[in-house]
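Visitor: File name upload_36.csv; file contents CSV, C-alpha atoms; full text below.
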```csv
chain,number,residue,atom,x,y,z
A,1,MET,CA,43.4,23.8,89.9
A,2,ILE,CA,39.7,23.5,90.2
A,3,ALA,CA,37.7,24.2,87.0
A,4,PHE,CA,34.6,26.4,87.2
A,5,SER,CA,32.3,23.5,86.3
A,6,LYS,CA,33.9,21.4,89.0
A,7,THR,CA,33.3,24.3,91.5
A,8,LEU,CA,29.7,24.3,90.6
A,9,LYS,CA,29.5,20.5,91.1
A,10,ILE,CA,31.1,20.9,94.5
A,11,THR,CA,28.9,23.7,95.6
A,12,ALA,CA,25.8,21.7,94.4
A,13,SER,CA,26.9,18.6,96.3
A,14,VAL,CA,27.7,20.6,99.4
A,15,PHE,CA,24.4,22.3,99.3
A,16,LEU,CA,22.7,19.0,98.8
A,17,GLY,CA,24.6,17.6,101.7
A,18,ALA,CA,23.6,20.5,104.0
A,19,THR,CA,20.0,20.7,102.9
A,20,LEU,CA,19.3,17.0,103.1
A,21,CYS,CA,20.8,17.1,106.6
A,22,VAL,CA,22.9,14.0,105.9
A,23,HIS,CA,23.6,12.9,109.4
A,24,ALA,CA,27.1,11.9,110.3
A,25,THR,CA,27.8,8.2,110.7
A,26,GLN,CA,27.5,7.1,114.3
A,27,ALA,CA,30.5,8.5,116.1
A,28,PRO,CA,31.6,7.0,119.4
A,29,GLN,CA,30.0,8.8,122.4
A,30,ARG,CA,33.3,8.9,124.2
A,31,ILE,CA,37.0,8.7,123.2
A,32,ASP,CA,40.1,8.2,125.2
A,33,VAL,CA,41.6,11.7,125.2
A,34,GLY,CA,44.9,10.3,126.6
A,35,LYS,CA,45.4,8.2,123.5
A,36,MET,CA,44.4,10.9,121.1
A,37,SER,CA,46.7,13.5,122.6
A,38,LYS,CA,49.7,11.7,121.2
A,39,ASN,CA,48.4,12.5,117.7
A,40,VAL,CA,47.4,16.1,118.1
A,41,GLU,CA,47.9,19.0,115.7
A,42,ASN,CA,49.1,22.4,116.9
A,43,VAL,CA,46.4,24.7,118.2
A,44,VAL,CA,45.3,27.6,116.1
A,45,VAL,CA,45.4,30.6,118.4
A,46,PRO,CA,42.0,32.3,118.5
A,47,LEU,CA,41.8,35.9,117.2
A,48,PRO,CA,40.8,38.6,119.7
A,49,ASN,CA,37.5,39.0,117.9
A,50,GLU,CA,36.5,35.4,118.6
A,51,ILE,CA,36.7,36.2,122.3
A,52,PHE,CA,35.2,39.7,121.9
A,53,GLY,CA,32.3,38.2,120.1
A,54,ALA,CA,31.5,35.8,123.0
A,55,LEU,CA,32.0,38.7,125.4
A,56,ASN,CA,29.5,40.9,123.5
A,57,LYS,CA,26.8,38.3,123.9
A,58,LEU,CA,27.1,38.6,127.7
A,59,GLY,CA,26.0,42.3,127.6
A,60,SER,CA,26.9,45.5,125.8
A,61,VAL,CA,30.5,46.7,126.1
A,62,ASN,CA,31.6,50.2,125.5
A,63,TRP,CA,34.4,49.3,123.2
A,64,ARG,CA,35.4,52.9,122.6
A,65,GLU,CA,36.9,52.9,126.1
A,66,TYR,CA,39.4,50.3,124.9
A,67,VAL,CA,40.4,51.8,121.6
A,68,ARG,CA,44.0,52.8,121.5
A,69,THR,CA,45.7,54.6,118.7
A,70,GLU,CA,48.7,56.2,120.4
A,71,LYS,CA,52.0,55.6,118.6
A,72,SER,CA,54.2,53.1,120.3
A,73,SER,CA,58.0,53.2,120.5
A,74,ASN,CA,60.2,52.3,117.6
A,75,PHE,CA,62.1,49.1,118.1
A,76,LYS,CA,65.0,47.6,116.2
A,77,GLU,CA,64.8,44.1,117.7
A,78,ARG,CA,62.7,41.9,115.4
A,79,PRO,CA,61.1,39.9,118.2
A,80,ARG,CA,59.9,43.1,119.8
A,81,ILE,CA,58.5,44.3,116.5
A,82,ALA,CA,56.7,41.0,116.1
A,83,LEU,CA,55.1,41.2,119.5
A,84,LEU,CA,54.1,44.8,118.9
A,85,LEU,CA,52.6,43.9,115.5
A,86,GLY,CA,50.4,41.3,117.1
A,87,THR,CA,49.3,43.8,119.7
A,88,VAL,CA,48.5,46.4,117.1
A,89,ILE,CA,46.5,44.0,115.0
A,90,ALA,CA,44.5,43.2,118.2
A,91,ASP,CA,44.0,46.9,118.7
A,92,GLY,CA,42.5,46.9,115.2
A,93,PHE,CA,39.9,44.3,116.3
A,94,VAL,CA,39.0,46.5,119.3
A,95,ALA,CA,38.6,49.5,117.0
A,96,VAL,CA,36.3,47.4,114.8
A,97,GLN,CA,34.2,46.4,117.8
A,98,ALA,CA,34.0,50.1,118.6
A,99,GLU,CA,33.2,50.9,114.9
A,100,ASP,CA,35.8,53.7,115.0
A,101,ALA,CA,36.8,54.3,111.4
A,102,PRO,CA,39.6,56.9,112.0
A,103,ALA,CA,41.2,54.5,114.6
A,104,VAL,CA,40.9,51.5,112.2
A,105,LYS,CA,42.6,53.5,109.5
A,106,GLU,CA,45.4,54.7,111.7
A,107,ILE,CA,45.9,51.2,113.0
A,108,GLY,CA,46.0,49.8,109.4
A,109,GLN,CA,48.8,52.3,108.7
A,110,ARG,CA,50.7,51.3,111.8
A,111,VAL,CA,50.4,47.6,110.9
A,112,LEU,CA,51.9,48.4,107.5
A,113,ASN,CA,54.8,50.4,109.0
A,114,LEU,CA,55.6,47.6,111.5
A,115,SER,CA,55.4,45.0,108.7
A,116,LYS,CA,57.8,47.0,106.7
A,117,ALA,CA,60.1,47.3,109.6
A,118,ILE,CA,60.2,43.5,110.0
A,119,GLY,CA,60.6,42.9,106.3
A,120,VAL,CA,57.2,41.6,105.2
A,121,GLY,CA,55.7,45.0,104.1
A,122,ASN,CA,55.0,43.9,100.5
A,123,SER,CA,52.5,41.2,101.5
A,124,ILE,CA,50.6,43.7,103.7
A,125,THR,CA,50.2,46.7,101.4
A,126,PRO,CA,47.1,45.4,99.7
A,127,HIS,CA,45.5,44.5,103.1
A,128,ALA,CA,46.2,47.9,104.6
A,129,LYS,CA,44.6,49.5,101.5
A,130,ALA,CA,41.6,47.2,101.9
A,131,ILE,CA,41.3,48.0,105.6
A,132,THR,CA,41.2,51.7,104.9
A,133,GLU,CA,38.6,51.4,102.1
A,134,ALA,CA,36.3,49.1,104.1
A,135,ALA,CA,36.6,51.4,107.2
A,136,ASP,CA,35.7,54.4,105.0
A,137,LYS,CA,32.6,52.5,103.9
A,138,ARG,CA,32.0,51.4,107.5
A,139,LYS,CA,31.9,47.8,106.3
A,140,TRP,CA,33.0,46.3,109.6
A,141,GLU,CA,32.7,42.7,108.6
A,142,GLU,CA,35.1,43.3,105.7
A,143,VAL,CA,37.5,45.1,108.1
A,144,ARG,CA,37.4,42.1,110.5
A,145,GLN,CA,38.1,39.7,107.6
A,146,GLU,CA,40.9,41.9,106.3
A,147,LEU,CA,42.6,42.1,109.7
A,148,ASP,CA,42.5,38.3,109.9
A,149,ARG,CA,44.0,38.1,106.4
A,150,THR,CA,46.6,40.7,107.5
A,151,GLN,CA,47.7,38.5,110.4
A,152,SER,CA,47.7,35.4,108.2
A,153,SER,CA,49.7,37.1,105.5
A,154,VAL,CA,52.3,38.5,107.9
A,155,GLN,CA,52.7,35.0,109.5
A,156,ALA,CA,52.8,33.2,106.1
A,157,ALA,CA,55.5,35.7,104.9
A,158,MET,CA,57.5,35.1,108.0
A,159,ASN,CA,57.1,31.3,107.8
A,160,GLU,CA,58.3,31.4,104.2
A,161,VAL,CA,61.6,32.8,105.2
A,162,HIS,CA,61.7,30.4,108.2
A,163,ASP,CA,60.9,33.1,110.7
A,164,GLU,CA,58.3,30.8,112.4
A,165,LYS,CA,59.3,32.0,115.8
A,166,LEU,CA,58.6,35.6,114.9
A,167,SER,CA,55.3,34.4,113.5
A,168,GLN,CA,54.5,32.8,116.9
A,169,LEU,CA,55.4,36.1,118.7
A,170,VAL,CA,52.8,37.9,116.5
A,171,SER,CA,50.1,35.5,117.7
A,172,LEU,CA,51.3,35.8,121.3
A,173,GLY,CA,51.3,39.6,121.2
A,174,GLY,CA,47.7,39.6,119.9
A,175,TRP,CA,46.6,37.1,122.5
A,176,LEU,CA,48.2,39.1,125.3
A,177,ARG,CA,46.5,42.4,124.2
A,178,GLY,CA,43.2,40.5,123.7
A,179,THR,CA,43.4,39.0,127.2
A,180,GLN,CA,44.2,42.4,128.7
A,181,VAL,CA,41.1,43.9,127.1
A,182,LEU,CA,39.0,40.9,128.1
A,183,THR,CA,40.1,41.2,131.7
A,184,SER,CA,39.6,45.0,131.7
A,185,VAL,CA,36.0,44.5,130.6
A,186,VAL,CA,35.3,41.6,133.0
A,187,THR,CA,36.9,43.4,135.9
A,188,LYS,CA,34.6,46.4,135.3
A,189,HIS,CA,31.4,44.3,135.0
A,190,PHE,CA,32.2,41.0,136.6
A,191,SER,CA,30.3,37.9,135.6
A,192,ALA,CA,31.1,34.3,136.0
A,193,ASP,CA,30.4,33.7,132.3
A,194,GLY,CA,32.8,36.6,131.4
A,195,ALA,CA,35.5,35.2,133.6
A,196,GLU,CA,35.0,31.7,132.1
A,197,LEU,CA,36.3,33.1,128.8
A,198,LEU,CA,39.7,33.1,130.4
A,199,HIS,CA,39.6,29.3,130.9
A,200,GLN,CA,42.4,28.7,128.3
A,201,PRO,CA,45.1,26.6,130.1
A,202,ASP,CA,46.1,24.6,127.0
A,203,LEU,CA,46.8,27.8,125.1
A,204,LEU,CA,49.0,29.0,128.0
A,205,VAL,CA,51.0,25.7,127.8
A,206,HIS,CA,51.2,26.2,124.0
A,207,PHE,CA,52.7,29.6,124.4
A,208,GLN,CA,55.0,28.5,127.2
A,209,THR,CA,56.3,25.7,125.0
A,210,GLN,CA,56.9,28.0,122.1
A,211,LEU,CA,58.8,30.5,124.3
A,212,GLN,CA,61.0,27.8,125.7
A,213,GLY,CA,62.0,27.1,122.1
A,214,MET,CA,63.3,30.6,121.6
A,215,PRO,CA,66.5,30.8,123.7
A,216,GLU,CA,68.0,33.1,121.0
A,217,TYR,CA,65.4,35.8,121.9
A,218,ASN,CA,67.0,36.6,125.2
A,219,LEU,CA,65.3,39.9,125.7
A,220,PRO,CA,63.9,41.2,129.0
A,221,ILE,CA,60.3,41.4,127.6
A,222,VAL,CA,60.4,37.8,126.4
A,223,ARG,CA,61.6,36.6,129.8
A,224,GLU,CA,58.9,38.7,131.5
A,225,ILE,CA,56.2,37.1,129.3
A,226,GLN,CA,57.5,33.7,130.2
A,227,ASP,CA,57.3,34.5,133.9
A,228,ALA,CA,53.9,36.0,133.5
A,229,LEU,CA,52.5,33.0,131.7
A,230,GLY,CA,53.6,30.9,134.7
A,231,GLN,CA,51.7,33.3,137.0
A,232,VAL,CA,48.6,33.3,135.0
A,233,LYS,CA,48.3,29.5,134.4
A,234,PRO,CA,47.2,28.6,138.0
A,235,LEU,CA,44.7,31.4,137.9
A,236,VAL,CA,42.9,30.0,134.9
A,237,ASP,CA,43.6,26.3,135.2
A,238,VAL,CA,40.7,25.7,137.6
A,239,GLY,CA,39.1,22.6,136.1
A,240,SER,CA,35.4,22.8,136.6
A,241,SER,CA,35.6,25.5,139.3
A,242,ARG,CA,34.9,29.2,138.5
A,243,ILE,CA,37.5,31.8,137.9
A,244,SER,CA,37.2,34.4,140.6
A,245,ALA,CA,36.9,38.2,140.3
A,246,ASP,CA,40.2,38.5,142.1
A,247,SER,CA,41.9,36.2,139.6
A,248,VAL,CA,40.5,38.3,136.7
A,249,ARG,CA,41.9,41.4,138.3
A,250,LYS,CA,45.3,39.8,138.9
A,251,ILE,CA,45.5,38.7,135.2
A,252,ASN,CA,44.5,42.2,134.2
A,253,ASP,CA,47.4,43.6,136.3
A,254,ILE,CA,49.8,41.1,134.8
A,255,THR,CA,48.8,41.6,131.1
A,256,THR,CA,48.6,45.4,131.5
A,257,LYS,CA,52.2,45.4,132.8
A,258,LEU,CA,53.3,43.2,129.9
A,259,ASP,CA,51.4,45.4,127.4
A,260,ASN,CA,53.3,48.4,128.6
A,261,GLY,CA,56.5,46.5,128.2
A,262,ILE,CA,55.6,45.5,124.6
A,263,VAL,CA,54.4,49.0,123.6
A,264,ILE,CA,56.9,51.3,125.4
A,265,LYS,CA,60.6,51.1,125.2
A,266,GLN,CA,62.2,49.9,128.4
B,1,MET,CA,51.3,18.2,109.6
B,2,LYS,CA,50.8,21.8,110.2
B,3,HIS,CA,48.3,24.6,109.8
B,4,PHE,CA,48.2,26.8,106.8
B,5,THR,CA,46.9,30.1,105.6
B,6,LYS,CA,45.0,31.1,102.5
B,7,PHE,CA,48.0,33.0,101.3
B,8,THR,CA,49.9,29.7,100.8
B,9,LEU,CA,46.8,28.3,99.1
B,10,TRP,CA,46.8,31.0,96.5
B,11,ILE,CA,50.5,30.5,95.8
B,12,SER,CA,49.9,26.8,95.4
B,13,LEU,CA,47.0,27.3,93.1
B,14,LEU,CA,49.1,29.5,90.9
B,15,VAL,CA,51.7,26.7,90.8
B,16,CYS,CA,49.0,24.2,90.0
B,17,ILE,CA,47.9,26.3,87.0
B,18,ALA,CA,51.4,26.1,85.7
B,19,LEU,CA,51.7,22.4,86.1
B,20,PRO,CA,50.5,19.8,83.5
B,21,HIS,CA,47.4,17.8,84.2
B,22,GLY,CA,47.7,14.6,86.1
B,23,VAL,CA,49.9,16.0,88.9
B,24,ALA,CA,48.6,14.8,92.2
B,25,GLY,CA,46.5,17.2,94.4
B,26,SER,CA,47.7,18.9,97.5
B,27,VAL,CA,46.6,20.0,101.0
B,28,ASP,CA,45.8,23.3,99.4
B,29,ASP,CA,43.4,21.6,96.9
B,30,ALA,CA,41.8,19.9,99.9
B,31,GLN,CA,41.4,23.3,101.5
B,32,SER,CA,39.6,24.8,98.6
B,33,PHE,CA,37.0,21.9,99.0
B,34,ALA,CA,36.7,22.6,102.7
B,35,LEU,CA,36.1,26.3,102.0
B,36,GLN,CA,33.4,25.3,99.4
B,37,ALA,CA,31.7,23.4,102.2
B,38,ALA,CA,31.9,26.5,104.4
B,39,GLU,CA,30.5,28.9,101.8
B,40,PRO,CA,26.7,28.5,102.5
B,41,TYR,CA,27.4,29.2,106.2
B,42,VAL,CA,29.2,32.5,105.5
B,43,LYS,CA,25.8,33.8,104.3
B,44,GLU,CA,24.4,32.8,107.7
B,45,GLY,CA,26.9,35.1,109.5
B,46,PHE,CA,29.8,32.7,110.2
B,47,GLN,CA,33.3,34.3,110.1
B,48,VAL,CA,35.6,31.7,108.5
B,49,ARG,CA,39.2,31.9,109.9
B,50,GLU,CA,42.1,32.3,107.4
B,51,ASP,CA,44.2,29.7,109.2
B,52,TYR,CA,43.4,26.1,108.7
B,53,TRP,CA,44.9,22.7,109.4
B,54,GLY,CA,45.8,20.0,106.8
B,55,GLY,CA,47.8,17.0,106.0
B,56,ASP,CA,47.4,13.5,104.6
B,57,LEU,CA,46.0,10.3,106.0
B,58,GLY,CA,45.7,6.7,104.9
B,59,ALA,CA,42.2,5.1,104.7
B,60,GLY,CA,41.0,4.3,108.3
B,61,GLU,CA,43.4,6.8,109.9
B,62,LYS,CA,42.5,9.6,112.2
B,63,LYS,CA,44.0,12.8,113.4
B,64,ALA,CA,43.1,15.0,116.3
B,65,VAL,CA,43.1,18.8,116.3
B,66,ARG,CA,43.0,20.6,119.6
B,67,GLN,CA,41.1,23.9,119.6
B,68,GLN,CA,40.1,26.4,122.2
B,69,LEU,CA,36.4,27.2,121.9
B,70,PHE,CA,34.5,29.9,123.8
B,71,LYS,CA,31.1,29.5,125.4
B,72,GLY,CA,28.7,31.9,123.8
B,73,ASN,CA,30.0,31.4,120.3
B,74,GLU,CA,28.7,28.8,117.8
B,75,TYR,CA,31.2,26.9,115.6
B,76,TRP,CA,31.2,24.9,112.5
B,77,PHE,CA,34.2,22.8,111.4
B,78,TRP,CA,34.4,21.9,107.7
B,79,LEU,CA,36.6,19.1,106.3
B,80,GLY,CA,37.3,18.5,102.7
B,81,THR,CA,39.6,16.5,100.4
B,82,GLU,CA,40.2,16.7,96.6
B,83,VAL,CA,39.9,12.9,96.3
B,84,GLU,CA,36.3,12.7,95.1
B,85,ARG,CA,35.8,9.0,95.8
B,86,ALA,CA,37.0,9.3,99.4
B,87,LYS,CA,34.8,9.4,102.4
B,88,VAL,CA,35.8,11.6,105.3
B,89,SER,CA,34.4,12.4,108.7
B,90,VAL,CA,34.8,15.0,111.4
B,91,HIS,CA,33.6,14.9,115.0
B,92,ILE,CA,34.0,17.1,118.1
B,93,TYR,CA,34.7,16.0,121.6
B,94,ASP,CA,35.1,18.0,124.8
B,95,SER,CA,38.2,17.9,127.0
B,96,GLU,CA,36.9,14.9,128.8
B,97,GLY,CA,36.5,13.0,125.6
B,98,LYS,CA,32.7,13.2,125.4
B,99,LEU,CA,31.0,13.8,122.0
B,100,ALA,CA,30.0,17.4,122.0
B,101,GLU,CA,28.6,18.1,118.5
B,102,GLN,CA,25.1,19.0,117.4
B,103,GLN,CA,22.7,16.7,115.6
B,104,ASP,CA,22.9,18.6,112.4
B,105,SER,CA,26.6,17.7,111.8
B,106,TRP,CA,26.9,16.0,108.4
B,107,GLU,CA,29.0,13.8,106.1
B,108,LYS,CA,28.7,13.7,102.3
B,109,GLY,CA,31.5,11.8,100.5
B,110,HIS,CA,34.6,13.9,100.4
B,111,PHE,CA,33.0,16.6,102.6
B,112,ALA,CA,32.1,16.6,106.2
B,113,ALA,CA,31.1,19.2,108.8
B,114,ALA,CA,30.6,19.3,112.5
B,115,HIS,CA,28.6,21.8,114.5
B,116,VAL,CA,29.3,22.7,118.1
B,117,ILE,CA,27.7,25.2,120.6
B,118,PRO,CA,30.2,24.9,123.5
B,119,LYS,CA,28.7,24.3,126.9
B,120,ALA,CA,31.9,25.5,128.5
B,121,THR,CA,34.9,27.6,127.5
B,122,SER,CA,37.7,25.0,127.1
B,123,SER,CA,39.9,22.9,124.8
B,124,TYR,CA,38.0,20.6,122.4
B,125,PHE,CA,39.2,17.8,120.2
B,126,ILE,CA,38.3,17.8,116.6
B,127,ILE,CA,38.8,14.3,115.2
B,128,VAL,CA,39.2,14.1,111.4
B,129,ALA,CA,39.3,10.7,109.7
B,130,VAL,CA,39.6,9.4,106.2
B,131,GLU,CA,37.1,6.6,106.4
B,132,GLU,CA,37.6,5.2,102.8
B,133,SER,CA,39.8,6.2,99.9
B,134,PRO,CA,41.1,4.8,96.6
B,135,GLU,CA,44.4,6.6,97.3
B,136,GLU,CA,47.2,5.4,99.5
B,137,ARG,CA,47.3,8.8,101.2
B,138,THR,CA,44.5,11.3,101.1
B,139,HIS,CA,45.0,15.0,101.6
B,140,TRP,CA,42.6,16.7,104.0
B,141,ALA,CA,42.0,20.2,105.2
B,142,LEU,CA,40.0,21.5,108.0
B,143,VAL,CA,38.7,25.1,108.3
B,144,TYR,CA,36.5,26.6,110.9
B,145,GLY,CA,34.1,29.5,111.4
B,146,PHE,CA,32.2,31.0,114.3
B,147,ARG,CA,29.5,33.5,115.0
```
Would you mind writing the file's structure down as structure tokens?

Guide:
Amino acid sequence: MIAFSKTLKITASVFLGATLCVHATQAPQRIDVGKMSKNVENVVVPLPNEIFGALNKLGSVNWREYVRTEKSSNFKERPRIALLLGTVIADGFVAVQAEDAPAVKEIGQRVLNLSKAIGVGNSITPHAKAITEAADKRKWEEVRQELDRTQSSVQAAMNEVHDEKLSQLVSLGGWLRGTQVLTSVVTKHFSADGAELLHQPDLLVHFQTQLQGMPEYNLPIVREIQDALGQVKPLVDVGSSRISADSVRKINDITTKLDNGIVIKQ
Amino acid sequence: MKHFTKFTLWISLLVCIALPHGVAGSVDDAQSFALQAAEPYVKEGFQVREDYWGGDLGAGEKKAVRQQLFKGNEYWFWLGTEVERAKVSVHIYDSEGKLAEQQDSWEKGHFAAAHVIPKATSSYFIIVAVEESPEERTHWALVYGFR
């Protein structure tokens, strides 16, 4: 526990550190990445709004075009619910970009229902309430933060009951929907900088590795995602070359098909 | 070694309140220090992610964290430990192993921060180190924010 006086002391020393611009000790200009990679932590999967923020800086996007609030199918299989939950949270970030309060509130409710269906509803109720309140006040930064907290709480609750694989599927669902929206935007208004946001080969490997560790989830949609990641990887793993408009379109086709598979009962 | 969420932090803090003084710190304590380091930047518009990384290291040991960064965004990574007499550092390298951080990255005892404006959308290595510490093992936590 950190006492209040200690907190003040910490804040003061951090402030001092920042304001005095205490420069870092001389770090080596180069490291051997090959040696470091043996001692590497797991990646934190970026949230869709991290990518949307970068996309916004390239030009204005009509986010309302990408808002989705239609109800999806009801699933019984927990892996399918987890994937859908990640997708719906990503929809929440799209609705925030569009500053669409009714959509945000509806999505907040869907997140709560899906969380209940997967057995982690209790940890999400306060977040769903906070999302609704912040959307009513049009405090978009608070809604964004609350969506991040929602995903973290869902995943923490899953991890606590050793459902780490479901937690990974939540991240994967969100990433797939985020990638679908990103490729839709870039396909419509192609730019090399927009396409470069797809340069995420290590994340693809990360998801492929995780899916390989889920043989118990032998569902058609999980197999389809595995195959699709294999198709997407060569399109984005281009080294220092540019990702072409054709590749962006192909990735959009692939992720749109997967999104339909996640949202609609097959 | 794993990444954590603020939810687990709050649970751990509640447990800490219930425990007698003198009980050693934890990664979650380290995370509260990392978040303290991040606080001034939130006012500058940085969104701090709920997820974070943490673990423990001996003095002189390093750990690499691989993270996807997007060109167009600006990132800060904040490292903290609850061991007040420890010195920690954090540096950012691109996928080729070239130092990629900005000049205003800083270190201050048991806090450190690294600033990067990615020149390319790619994987980056964030190298955390416990440079000095009176403890055999020192907890660390790394949080990041972007705008």

Visitor: Report the distance between CA of Leu83 (chain A) and CA of Thr256 (chain A) in Å, rounded to one decimal place.

Guide: 14.3 Å

Visitor: List the spatial neighbours of region 162-179 of chain A as a PyMOL selection string - criterion: any atom at most 10 Å away, all atoms listed in the file, same-chain residues fewer than 6 positions off excluded.

Guide: chain A and resi 44-52+78-91+93-94+118+151-152+154-156+185+197-198+203-204+206-207+210-211+213-214+217+222+225+229+248+251-252+254-256+258-259+262

Visitor: Create the file for the chosen residues now, containing C-alpha atoms and written as a compact mmCIF listing (two decimals), in the coordinates of the input.

Guide:
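After the write, selection30.txt holds the following:
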```
# COMPACT_ATOMS: atom_id res chain seq x y z
CA VAL A 44 45.30 27.60 116.10
CA VAL A 45 45.40 30.60 118.40
CA PRO A 46 42.00 32.30 118.50
CA LEU A 47 41.80 35.90 117.20
CA PRO A 48 40.80 38.60 119.70
CA ASN A 49 37.50 39.00 117.90
CA GLU A 50 36.50 35.40 118.60
CA ILE A 51 36.70 36.20 122.30
CA PHE A 52 35.20 39.70 121.90
CA ARG A 78 62.70 41.90 115.40
CA PRO A 79 61.10 39.90 118.20
CA ARG A 80 59.90 43.10 119.80
CA ILE A 81 58.50 44.30 116.50
CA ALA A 82 56.70 41.00 116.10
CA LEU A 83 55.10 41.20 119.50
CA LEU A 84 54.10 44.80 118.90
CA LEU A 85 52.60 43.90 115.50
CA GLY A 86 50.40 41.30 117.10
CA THR A 87 49.30 43.80 119.70
CA VAL A 88 48.50 46.40 117.10
CA ILE A 89 46.50 44.00 115.00
CA ALA A 90 44.50 43.20 118.20
CA ASP A 91 44.00 46.90 118.70
CA PHE A 93 39.90 44.30 116.30
CA VAL A 94 39.00 46.50 119.30
CA ILE A 118 60.20 43.50 110.00
CA GLN A 151 47.70 38.50 110.40
CA SER A 152 47.70 35.40 108.20
CA VAL A 154 52.30 38.50 107.90
CA GLN A 155 52.70 35.00 109.50
CA ALA A 156 52.80 33.20 106.10
CA VAL A 185 36.00 44.50 130.60
CA LEU A 197 36.30 33.10 128.80
CA LEU A 198 39.70 33.10 130.40
CA LEU A 203 46.80 27.80 125.10
CA LEU A 204 49.00 29.00 128.00
CA HIS A 206 51.20 26.20 124.00
CA PHE A 207 52.70 29.60 124.40
CA GLN A 210 56.90 28.00 122.10
CA LEU A 211 58.80 30.50 124.30
CA GLY A 213 62.00 27.10 122.10
CA MET A 214 63.30 30.60 121.60
CA TYR A 217 65.40 35.80 121.90
CA VAL A 222 60.40 37.80 126.40
CA ILE A 225 56.20 37.10 129.30
CA LEU A 229 52.50 33.00 131.70
CA VAL A 248 40.50 38.30 136.70
CA ILE A 251 45.50 38.70 135.20
CA ASN A 252 44.50 42.20 134.20
CA ILE A 254 49.80 41.10 134.80
CA THR A 255 48.80 41.60 131.10
CA THR A 256 48.60 45.40 131.50
CA LEU A 258 53.30 43.20 129.90
CA ASP A 259 51.40 45.40 127.40
CA ILE A 262 55.60 45.50 124.60
```

Visitor: How many Å separate CA of Asn62 (chain A) from CA of Lys129 (chain A)?

Guide: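 Calculated distance between CA of Asn62 (chain A) and CA of Lys129 (chain A) is 27.3 Å.
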
Visitor: Quick one: of B:Leu142, B:Ile92, B:Val27, B:Ala38, who's nearest to Asp56 (chain B), counting all atoms listed in the file?

Guide: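 With all atoms listed in the file as the atom set, the closest residue is B:Val27.
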
Visitor: Between A:Ile221, A:Val263, A:Val96, A:Ala27, which residue has the minimum interatomic distance to Tyr93 (chain B), considering only C-alpha atoms?

Guide: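 Nearest to Tyr93 (chain B): A:Ala27.
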
Visitor: Got a sec: who's within 9 Å of Val130 (chain B), counting only C-alpha atoms, leaving out chain neighbours fewer than 4 positions off, as a ChimeraX atom specification?

Guide: /B:56-62,86-89,110,138,140

Visitor: Now that the selection is made, can you save its residues with C-alpha atoms as a compact mmCIF listing (two decimals), in the coordinates of the input?

Guide:
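File written: result.txt
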```
# COMPACT_ATOMS: atom_id res chain seq x y z
CA ASP B 56 47.40 13.50 104.60
CA LEU B 57 46.00 10.30 106.00
CA GLY B 58 45.70 6.70 104.90
CA ALA B 59 42.20 5.10 104.70
CA GLY B 60 41.00 4.30 108.30
CA GLU B 61 43.40 6.80 109.90
CA LYS B 62 42.50 9.60 112.20
CA ALA B 86 37.00 9.30 99.40
CA LYS B 87 34.80 9.40 102.40
CA VAL B 88 35.80 11.60 105.30
CA SER B 89 34.40 12.40 108.70
CA HIS B 110 34.60 13.90 100.40
CA THR B 138 44.50 11.30 101.10
CA TRP B 140 42.60 16.70 104.00
```

Visitor: So, counting only C-alpha atoms, which residue among B:Tyr41, B:Tyr124, B:Phe70, B:Tyr144 is closest to chain A?

Guide: B:Phe70
